[in-house]
Structures are given as C-alpha cells and as structure tokens.
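Structure below is model15.cif: mmCIF, C-alpha atoms and all ligand atoms.
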```cif
data_data
loop_
_atom_site.label_atom_id
_atom_site.label_comp_id
_atom_site.auth_asym_id
_atom_site.auth_seq_id
_atom_site.Cartn_x
_atom_site.Cartn_y
_atom_site.Cartn_z
CA MET A 7 -55.94 -80.33 -21.54
CA ASP A 8 -55.29 -82.58 -24.49
CA ASN A 9 -57.14 -83.68 -27.58
CA PHE A 10 -57.98 -80.03 -28.24
CA ILE A 11 -58.01 -77.87 -31.37
CA SER A 12 -55.72 -74.84 -31.35
CA VAL A 13 -57.01 -71.70 -33.03
CA PHE A 14 -54.28 -69.15 -33.55
CA ASP A 15 -54.22 -65.49 -34.57
CA SER A 16 -51.98 -62.47 -34.14
CA GLY A 17 -54.52 -61.12 -31.66
CA VAL A 18 -58.24 -61.19 -30.97
CA GLY A 19 -59.37 -61.20 -34.64
CA GLY A 20 -59.45 -64.95 -35.10
CA ILE A 21 -62.35 -65.10 -32.66
CA SER A 22 -64.49 -64.28 -35.72
CA VAL A 23 -63.46 -67.72 -37.05
CA LEU A 24 -63.64 -69.44 -33.66
CA ARG A 25 -67.30 -68.39 -33.32
CA GLU A 26 -68.15 -70.26 -36.51
CA MET A 27 -66.15 -73.30 -35.43
CA VAL A 28 -67.95 -73.54 -32.12
CA ARG A 29 -71.33 -73.23 -33.88
CA LEU A 30 -70.41 -76.02 -36.25
CA MET A 31 -68.53 -78.23 -33.78
CA PRO A 32 -70.04 -77.71 -30.30
CA ASN A 33 -68.52 -80.99 -29.11
CA GLU A 34 -64.93 -79.91 -29.57
CA ASP A 35 -62.51 -78.36 -27.06
CA PHE A 36 -60.87 -75.24 -28.45
CA LEU A 37 -57.81 -73.41 -27.24
CA TYR A 38 -57.81 -69.91 -28.71
CA TYR A 39 -54.38 -68.27 -28.62
CA GLY A 40 -53.89 -64.63 -29.60
CA ASP A 41 -50.36 -63.28 -29.99
CA SER A 42 -51.32 -59.70 -29.15
CA LYS A 43 -47.86 -59.02 -27.74
CA ASN A 44 -46.40 -59.34 -31.25
CA ALA A 45 -49.34 -57.86 -33.16
CA PRO A 46 -49.76 -56.53 -35.74
CA TYR A 47 -48.39 -59.28 -37.97
CA GLY A 48 -49.53 -57.65 -41.21
CA THR A 49 -46.78 -55.04 -41.24
CA LYS A 50 -43.95 -57.42 -40.26
CA THR A 51 -41.67 -59.31 -42.64
CA THR A 52 -42.81 -62.70 -43.93
CA GLU A 53 -39.86 -64.31 -42.18
CA GLU A 54 -40.84 -62.85 -38.80
CA VAL A 55 -44.44 -64.00 -39.10
CA ARG A 56 -43.39 -67.44 -40.30
CA THR A 57 -41.06 -67.89 -37.32
CA LEU A 58 -43.73 -66.79 -34.81
CA THR A 59 -46.41 -68.99 -36.36
CA ILE A 60 -44.16 -72.07 -36.42
CA GLU A 61 -43.08 -71.49 -32.82
CA HIS A 62 -46.67 -71.25 -31.59
CA THR A 63 -47.85 -74.25 -33.61
CA LYS A 64 -45.01 -76.36 -32.23
CA SER A 65 -46.05 -75.48 -28.71
CA PHE A 66 -49.74 -76.33 -29.36
CA LEU A 67 -48.74 -79.74 -30.67
CA LYS A 68 -46.42 -80.32 -27.74
CA ARG A 69 -49.33 -79.57 -25.42
CA GLY A 70 -51.46 -82.19 -27.15
CA ALA A 71 -53.41 -80.43 -29.91
CA LYS A 72 -55.11 -82.92 -32.25
CA ALA A 73 -55.64 -80.30 -34.96
CA CYS A 74 -54.51 -76.74 -35.61
CA ALA A 75 -56.32 -73.81 -37.20
CA ILE A 76 -54.48 -70.69 -38.24
CA ALA A 77 -57.28 -68.13 -37.97
CA CYS A 78 -55.17 -65.39 -39.49
CA ASN A 79 -54.86 -64.69 -43.22
CA THR A 80 -51.43 -63.13 -42.72
CA ALA A 81 -49.95 -66.04 -40.75
CA THR A 82 -51.54 -68.50 -43.19
CA SER A 83 -49.89 -66.87 -46.17
CA ALA A 84 -46.52 -66.82 -44.41
CA ALA A 85 -46.46 -70.27 -42.83
CA VAL A 86 -49.16 -72.78 -43.80
CA ARG A 87 -47.16 -74.42 -46.57
CA VAL A 88 -44.11 -75.08 -44.44
CA LEU A 89 -46.23 -76.21 -41.48
CA ARG A 90 -47.96 -78.77 -43.69
CA GLN A 91 -44.57 -80.06 -44.75
CA MET A 92 -43.41 -80.22 -41.14
CA TYR A 93 -46.55 -81.96 -39.83
CA PRO A 94 -48.17 -83.89 -42.69
CA GLU A 95 -50.10 -86.09 -40.24
CA VAL A 96 -51.82 -83.19 -38.43
CA PRO A 97 -55.13 -81.73 -39.68
CA LEU A 98 -54.05 -78.13 -40.20
CA VAL A 99 -56.28 -75.49 -41.72
CA GLY A 100 -55.58 -71.89 -42.61
CA ILE A 101 -57.73 -69.05 -43.84
CA GLU A 102 -57.55 -67.06 -47.07
CA PRO A 103 -59.63 -64.16 -48.41
CA ALA A 104 -63.06 -65.35 -49.62
CA LEU A 105 -62.40 -64.25 -53.19
CA LYS A 106 -63.97 -67.34 -54.77
CA PRO A 107 -67.56 -66.82 -53.51
CA ALA A 108 -67.35 -63.08 -54.19
CA VAL A 109 -66.30 -63.61 -57.83
CA GLU A 110 -68.87 -66.39 -58.27
CA LYS A 111 -71.55 -63.90 -57.27
CA TYR A 112 -70.10 -60.96 -59.23
CA PRO A 113 -68.23 -62.61 -62.13
CA THR A 114 -67.64 -59.36 -64.02
CA GLY A 115 -68.01 -57.02 -61.08
CA ARG A 116 -65.60 -54.95 -59.05
CA VAL A 117 -64.43 -56.77 -55.94
CA LEU A 118 -62.45 -55.01 -53.24
CA VAL A 119 -60.20 -57.21 -51.07
CA LEU A 120 -59.38 -55.57 -47.75
CA ALA A 121 -56.48 -57.27 -45.98
CA THR A 122 -53.16 -56.62 -44.30
CA PRO A 123 -50.24 -55.33 -46.38
CA MET A 124 -48.52 -58.72 -46.07
CA THR A 125 -51.53 -60.75 -47.21
CA VAL A 126 -51.98 -58.74 -50.42
CA ARG A 127 -48.23 -58.79 -51.11
CA GLU A 128 -47.72 -62.55 -50.63
CA GLU A 129 -47.47 -65.09 -53.43
CA LYS A 130 -50.38 -67.03 -51.91
CA PHE A 131 -52.75 -64.15 -52.62
CA HIS A 132 -51.49 -63.77 -56.20
CA LYS A 133 -52.08 -67.47 -56.79
CA LEU A 134 -55.60 -67.10 -55.38
CA LEU A 135 -56.19 -64.17 -57.71
CA ASN A 136 -54.98 -66.14 -60.74
CA ARG A 137 -57.12 -69.10 -59.78
CA PHE A 138 -60.39 -67.42 -58.85
CA GLY A 139 -60.19 -63.81 -60.07
CA GLY A 140 -61.79 -64.73 -63.44
CA ASP A 141 -63.09 -61.69 -65.28
CA ALA A 142 -63.81 -59.68 -62.18
CA ASP A 143 -61.96 -56.48 -61.50
CA VAL A 144 -60.29 -57.38 -58.21
CA ILE A 145 -58.82 -54.52 -56.17
CA PRO A 146 -56.48 -55.60 -53.33
CA LEU A 147 -56.24 -52.96 -50.65
CA GLY A 148 -53.87 -53.17 -47.67
CA ALA A 149 -55.37 -51.55 -44.58
CA PRO A 150 -52.53 -50.97 -42.10
CA GLY A 151 -53.89 -49.57 -38.86
CA LEU A 152 -57.34 -51.14 -39.07
CA MET A 153 -56.74 -54.24 -36.94
CA GLU A 154 -55.53 -52.01 -34.10
CA PHE A 155 -59.06 -50.65 -33.62
CA VAL A 156 -60.31 -54.19 -32.97
CA GLU A 157 -57.37 -54.98 -30.67
CA ARG A 158 -58.36 -51.94 -28.62
CA GLY A 159 -61.99 -53.07 -28.58
CA GLU A 160 -62.93 -49.94 -30.54
CA LEU A 161 -65.59 -51.48 -32.78
CA ASP A 162 -67.70 -48.41 -33.45
CA SER A 163 -66.37 -44.89 -32.95
CA GLN A 164 -66.05 -41.60 -34.81
CA LYS A 165 -62.31 -42.19 -35.12
CA LEU A 166 -62.94 -45.58 -36.77
CA ARG A 167 -65.54 -44.07 -39.10
CA LYS A 168 -63.08 -41.34 -40.13
CA PHE A 169 -60.29 -43.90 -40.69
CA LEU A 170 -62.53 -46.06 -42.89
CA THR A 171 -64.02 -43.10 -44.75
CA GLU A 172 -60.53 -41.89 -45.68
CA LEU A 173 -59.47 -45.40 -46.71
CA LEU A 174 -62.60 -46.31 -48.66
CA ALA A 175 -63.97 -43.00 -50.01
CA VAL A 176 -63.40 -43.78 -53.70
CA TYR A 177 -64.89 -47.31 -53.42
CA ARG A 178 -68.19 -46.41 -51.80
CA VAL A 179 -71.50 -46.26 -53.65
CA GLY A 180 -71.36 -43.05 -55.70
CA GLY A 181 -67.54 -42.90 -55.42
CA SER A 182 -65.30 -42.84 -58.49
CA HIS A 183 -64.32 -46.54 -58.04
CA GLN A 184 -67.59 -47.89 -56.65
CA VAL A 185 -67.43 -51.63 -55.94
CA ASP A 186 -70.01 -54.47 -55.93
CA ALA A 187 -68.46 -56.54 -53.16
CA ALA A 188 -65.88 -56.30 -50.41
CA VAL A 189 -63.96 -59.33 -49.16
CA LEU A 190 -62.76 -59.07 -45.56
CA GLY A 191 -59.35 -60.72 -45.91
CA CYS A 192 -58.27 -60.25 -42.30
CA THR A 193 -59.99 -61.99 -39.41
CA HIS A 194 -60.12 -58.81 -37.36
CA TYR A 195 -62.30 -57.00 -39.90
CA PRO A 196 -65.63 -58.87 -39.42
CA PHE A 197 -65.84 -57.17 -36.02
CA VAL A 198 -66.02 -53.78 -37.76
CA ALA A 199 -68.08 -55.03 -40.72
CA ASP A 200 -71.05 -52.84 -39.79
CA VAL A 201 -68.99 -49.67 -40.02
CA ILE A 202 -67.30 -50.86 -43.24
CA SER A 203 -70.74 -51.49 -44.67
CA GLU A 204 -72.02 -48.12 -43.53
CA VAL A 205 -69.08 -46.38 -45.20
CA LEU A 206 -69.18 -48.38 -48.46
CA GLY A 207 -72.96 -48.40 -48.72
CA GLU A 208 -75.40 -51.15 -47.78
CA GLU A 209 -75.57 -52.31 -51.43
CA VAL A 210 -71.96 -53.47 -51.34
CA GLU A 211 -72.00 -57.13 -50.37
CA ILE A 212 -69.52 -58.22 -47.70
CA PHE A 213 -67.80 -61.62 -47.83
CA ASP A 214 -65.60 -63.30 -45.24
CA GLY A 215 -63.96 -66.70 -45.03
CA SER A 216 -64.77 -67.74 -41.45
CA TYR A 217 -67.58 -70.16 -42.21
CA GLY A 218 -65.64 -71.80 -45.06
CA THR A 219 -62.66 -72.31 -42.78
CA ALA A 220 -64.80 -73.80 -40.01
CA LYS A 221 -66.40 -76.18 -42.53
CA GLU A 222 -63.01 -77.25 -43.81
CA LEU A 223 -61.79 -77.95 -40.27
CA LYS A 224 -64.85 -80.10 -39.60
CA ARG A 225 -64.29 -82.01 -42.82
CA ARG A 226 -60.62 -82.61 -41.99
CA LEU A 227 -61.48 -83.86 -38.49
CA ASP A 228 -64.16 -86.20 -39.81
CA VAL A 229 -61.86 -87.62 -42.48
CA ALA A 230 -59.12 -88.21 -39.90
CA GLY A 231 -61.64 -89.82 -37.52
CA LEU A 232 -60.72 -87.24 -34.87
CA SER A 233 -64.10 -85.62 -34.19
CA ASN A 234 -65.36 -85.87 -30.63
CA PRO A 235 -68.46 -87.99 -29.95
CA PRO A 236 -71.78 -86.11 -29.75
CA GLU A 237 -72.10 -86.72 -26.01
CA HIS A 238 -68.89 -84.75 -25.36
CA LYS A 239 -69.57 -81.23 -24.17
CA GLY A 240 -67.13 -78.89 -25.88
CA SER A 241 -65.27 -75.94 -24.34
CA VAL A 242 -63.37 -72.78 -25.24
CA THR A 243 -60.25 -71.58 -23.42
CA PHE A 244 -58.68 -68.21 -24.19
CA GLU A 245 -54.97 -67.52 -23.92
CA ASN A 246 -52.99 -64.50 -25.02
CA SER A 247 -49.32 -63.50 -25.06
CA ALA A 248 -50.30 -60.16 -23.47
CA PRO A 249 -53.12 -61.26 -21.18
CA THR A 250 -54.31 -58.03 -19.60
CA LYS A 251 -57.64 -58.11 -17.82
CA GLU A 252 -59.15 -55.84 -20.50
CA ARG A 253 -57.94 -58.04 -23.34
CA MET A 254 -59.24 -61.26 -21.80
CA ALA A 255 -62.61 -59.57 -21.23
CA LEU A 256 -62.56 -58.41 -24.86
CA CYS A 257 -62.08 -62.03 -26.00
CA GLU A 258 -65.25 -63.07 -24.14
CA LYS A 259 -67.13 -60.08 -25.52
CA LEU A 260 -66.10 -60.75 -29.13
CA MET A 261 -67.03 -64.40 -28.77
CA THR A 262 -70.64 -63.54 -27.99
CA SER A 263 -70.94 -60.54 -30.34
N1 LIG B 1 -55.97 -61.14 -38.14
C1 LIG B 1 -54.89 -61.13 -39.04
C2 LIG B 1 -55.30 -61.59 -40.45
O1 LIG B 1 -56.29 -62.26 -40.62
C3 LIG B 1 -53.93 -60.02 -39.14
C4 LIG B 1 -53.87 -58.85 -38.26
C5 LIG B 1 -52.45 -58.39 -38.07
O2 LIG B 1 -51.83 -58.89 -37.15
O3 LIG B 1 -51.96 -57.55 -38.84
O4 LIG B 1 -54.62 -61.33 -41.41
#
```

Starting from the file, give its structure as structure tokens.
Amino acid sequence: MDNFISVFDSGVGGISVLREMVRLMPNEDFLYYGDSKNAPYGTKTTEEVRTLTIEHTKSFLKRGAKACAIACNTATSAAVRVLRQMYPEVPLVGIEPALKPAVEKYPTGRVLVLATPMTVREEKFHKLLNRFGGDADVIPLGAPGLMEFVERGELDSQKLRKFLTELLAVYRVGGSHQVDAAVLGCTHYPFVADVISEVLGEEVEIFDGSYGTAKELKRRLDVAGLSNPPEHKGSVTFENSAPTKERMALCEKLMTS
C-alpha cells in the first residue's frame, strides 16, 4: 500500500474524523492507526505524547504515506509544530477544539470546552483561546476517564450517564453554570455526544472539529496536486497497536455509526 493518507489517534476516537474524511474524499486510500496500547494520551506528559506521535508519523511516511492527519487533539497539541518542521513538504493536518465556530455563534455566551487534561493545559489551546475566545466566557474542562468508555465500546450505559452527570452537573440547563454551547475537544467524544447532550440539555449546542479537519485535508491535498483521480475507488484499512478481535470490530462499528 502506498500513496495513502495516514489518520492517527491514540485509539479508536479519530474514527469520528475519518468518517468525515471518507465522506468528503471517497477516492482516497486511508490507513487508520489507533495506538490503543499506549492510550490514553491525555493524561501522559507532553514529551511522551510527542515522542509517540513522531515515531508513528515517521513509520507512516516510511511506508509511503502521501499525507498525514493527526486525528487527535492531544497529539496535535504535543507534536504538530515539530512535525511540520521535520516534514515541511508533507501535507500534515491536525485537529483542535472547534472554539471558533462556537464563539462565532455565541459571541457573548458561555462555551464549555471538553477535552483531555493535556489539551486544555497546552500552550496551543491557550493561543486558540486568545485568538478566538473573544468576549465569550470559555470554560475549559479536562475529562480524564471519558475516552476510556469509547475505547471499551461503551457508548451508552448507566455508568457513562452517571460519569457525565457528575462531571457536567453544574453546566447543564438549569445548573448553576449553565452553558450555551459545548465544544467536543477530543475525537473520542463525538461517539458519546448523544449522552453528553442528554445530560447537558438538548438546548446546549454541540460543536466538533471533524468536518473542519477533513475539509482542511482536502484543501491541502488539492493544493499539493496529490488528490486521487475521481475514477479511483478509495479504501479504508484499520490498524491498531493492540489489535484484539473486539477492538478491530469496534473500529468497523464506529465507522458506520
Ligand atoms: N482522542 C484524543 C484527543 O482527541 C485523546 C484521547 C486520549 O488518548 O486521552 O484528544
């Protein structure tokens, strides 16, 4: 396999971004790689996540990737800058919390950003906040433990509902810190968006960055003249660093959810 696009995440979460990419670019060949063996990334040190992300990207390029997508907010904040310096010629996209569209819609509202502890701690997020936060009241909230539900394929359960209710009680409609919008700043979270929405209240608008990232990848490929011709039938291959039968089946399930 060569001439493919690598899509990388700490686990199965980045499939929420891959879905959008395939919709937008059905003629491309995608290799989705989840590093579930080393997940979660969000509670590791920046150095650890940077090293893992660089290692994996190097191997995708060695195998013949024509472009790389980091479908993980945490890995993006730790490594995208250095990867761009290392490989200036490669179309390389990352993902960041969709704060911009949320603030555009609610310029003076209260916007909750749910992400991993590393994403909300990193300089990249603080720059994003300075750039797009405007007059909104932006509330970054690290959610350690949430991605694990998705990794287990537990997308709707009483245990998940209880976890989210405890985490989000004050932000829900009628709560003391009621919000207008919630940004899902981790690619695992869209898979539990229905439960998040149920807990926060249907009025709270949910934003995520998958579509924006897919669009950016398409733009970068077009600019570089690397897009496949329309007659090429695209494909998706899943790989994982801990490829149990259950996990590989979960990848397929999430892809069509
Ligand atoms: N899916 C990842 C993200 O978008 C992080 C999950 C984790 O490994 O902690 O940030």

TODO: Could you give me, as a PyMOL selection string, every polymer residue with an atom at most 7 Å away from an atom of ligand LIG 1 (chain B), counting only C-alpha atoms and all ligand atoms?
DONE: chain A and resi 15-17+19-20+45-49+77-81+121-122+125+153+191-194

- [ ] Work out how far apart atom CA of A:Leu152 and atom CA of A:Met124 are and give it in Å to one decimal.
- [x]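 Pair atom CA of A:Leu152 / atom CA of A:Met124 returns 13.6 Å.
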
TODO: Measure the distance from atom CA of A:Leu227 to atom CA of A:Gly70 in Å and round it to one decimal.
DONE: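 Spanning atom CA of A:Leu227 to atom CA of A:Gly70 is a straight-line distance of 15.2 Å.
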
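A straight line drawn from atom CA of A:Arg127 to atom CA of A:Glu102 is 13.1 Å long.
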
Open item on the list: From the options A:Val13, A:Val109, A:Val156, A:Val86, which residue's atoms come nearest to A:Phe197, counting all atoms listed in the file?
Closed with: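 So, comparing all the options, the nearest one is A:Val156.
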
Task: Spatial neighbours of stretch 138-149 of chain A, 8 Å, all atoms listed in the file, chain gap at least 3 places, as an MDAnalysis selection string - done: chainID A and resid 105:106 109 112:126 134:135 152 173

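If you count only C-alpha atoms and ignore residues fewer than 4 places along the chain from A:Ser163, what sits within 12 Å of it is Phe155, Val156, Arg158, Gly159, Arg167, Lys168, Phe169, Leu170, Val198, Asp200, Val201 and Ile202 of chain A.
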
- [ ] Fewer than 4 positions away in the same chain doesn't count, so skip those; otherwise give me all residues within 8 Å of A:Glu128, counting all atoms listed in the file, as a list in words.
- [x]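 Residues meeting the cut-off are Ser83, Ala84, Met124 and His132 of chain A.
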
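When all atoms listed in the file are used to compute distances to A:Glu26, the closest of the residues A:Ser216, A:Ser182, A:Ser42, A:Asn136 turns out to be A:Ser216.
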
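Around A:Gly181, within 12 Å and counting all atoms listed in the file, the residues found are Thr171, Leu174, Ala175, Val176, Asp186, Val205, Leu206 and Gly207 of chain A, once anything fewer than 5 positions away on its own chain is removed.
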
Open item on the list: So, with all atoms listed in the file as the atoms that count, which of A:Leu166, A:Val18, A:Met31, A:Val23 lies closest to A:His238?
Closed with: A:Met31

TODO: Give the answer as one residue: which of A:Tyr217, A:Phe66, A:Phe14, A:Tyr93 has the shortest atom-to-atom distance to A:Met27, using all atoms listed in the file?
DONE: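 Under the stated criterion, the closest residue is A:Tyr217.
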
If I wrap all listed atoms of stretch 10-28 of chain A in a box with edges along x, y and z and add 6 Å on each side, what are its centre and edge lengths in Å to one decimal, as JSON?
```
{"center_x": -60.1, "center_y": -70.6, "center_z": -32.6, "size_x": 28.2, "size_y": 30.9, "size_z": 20.8}
```
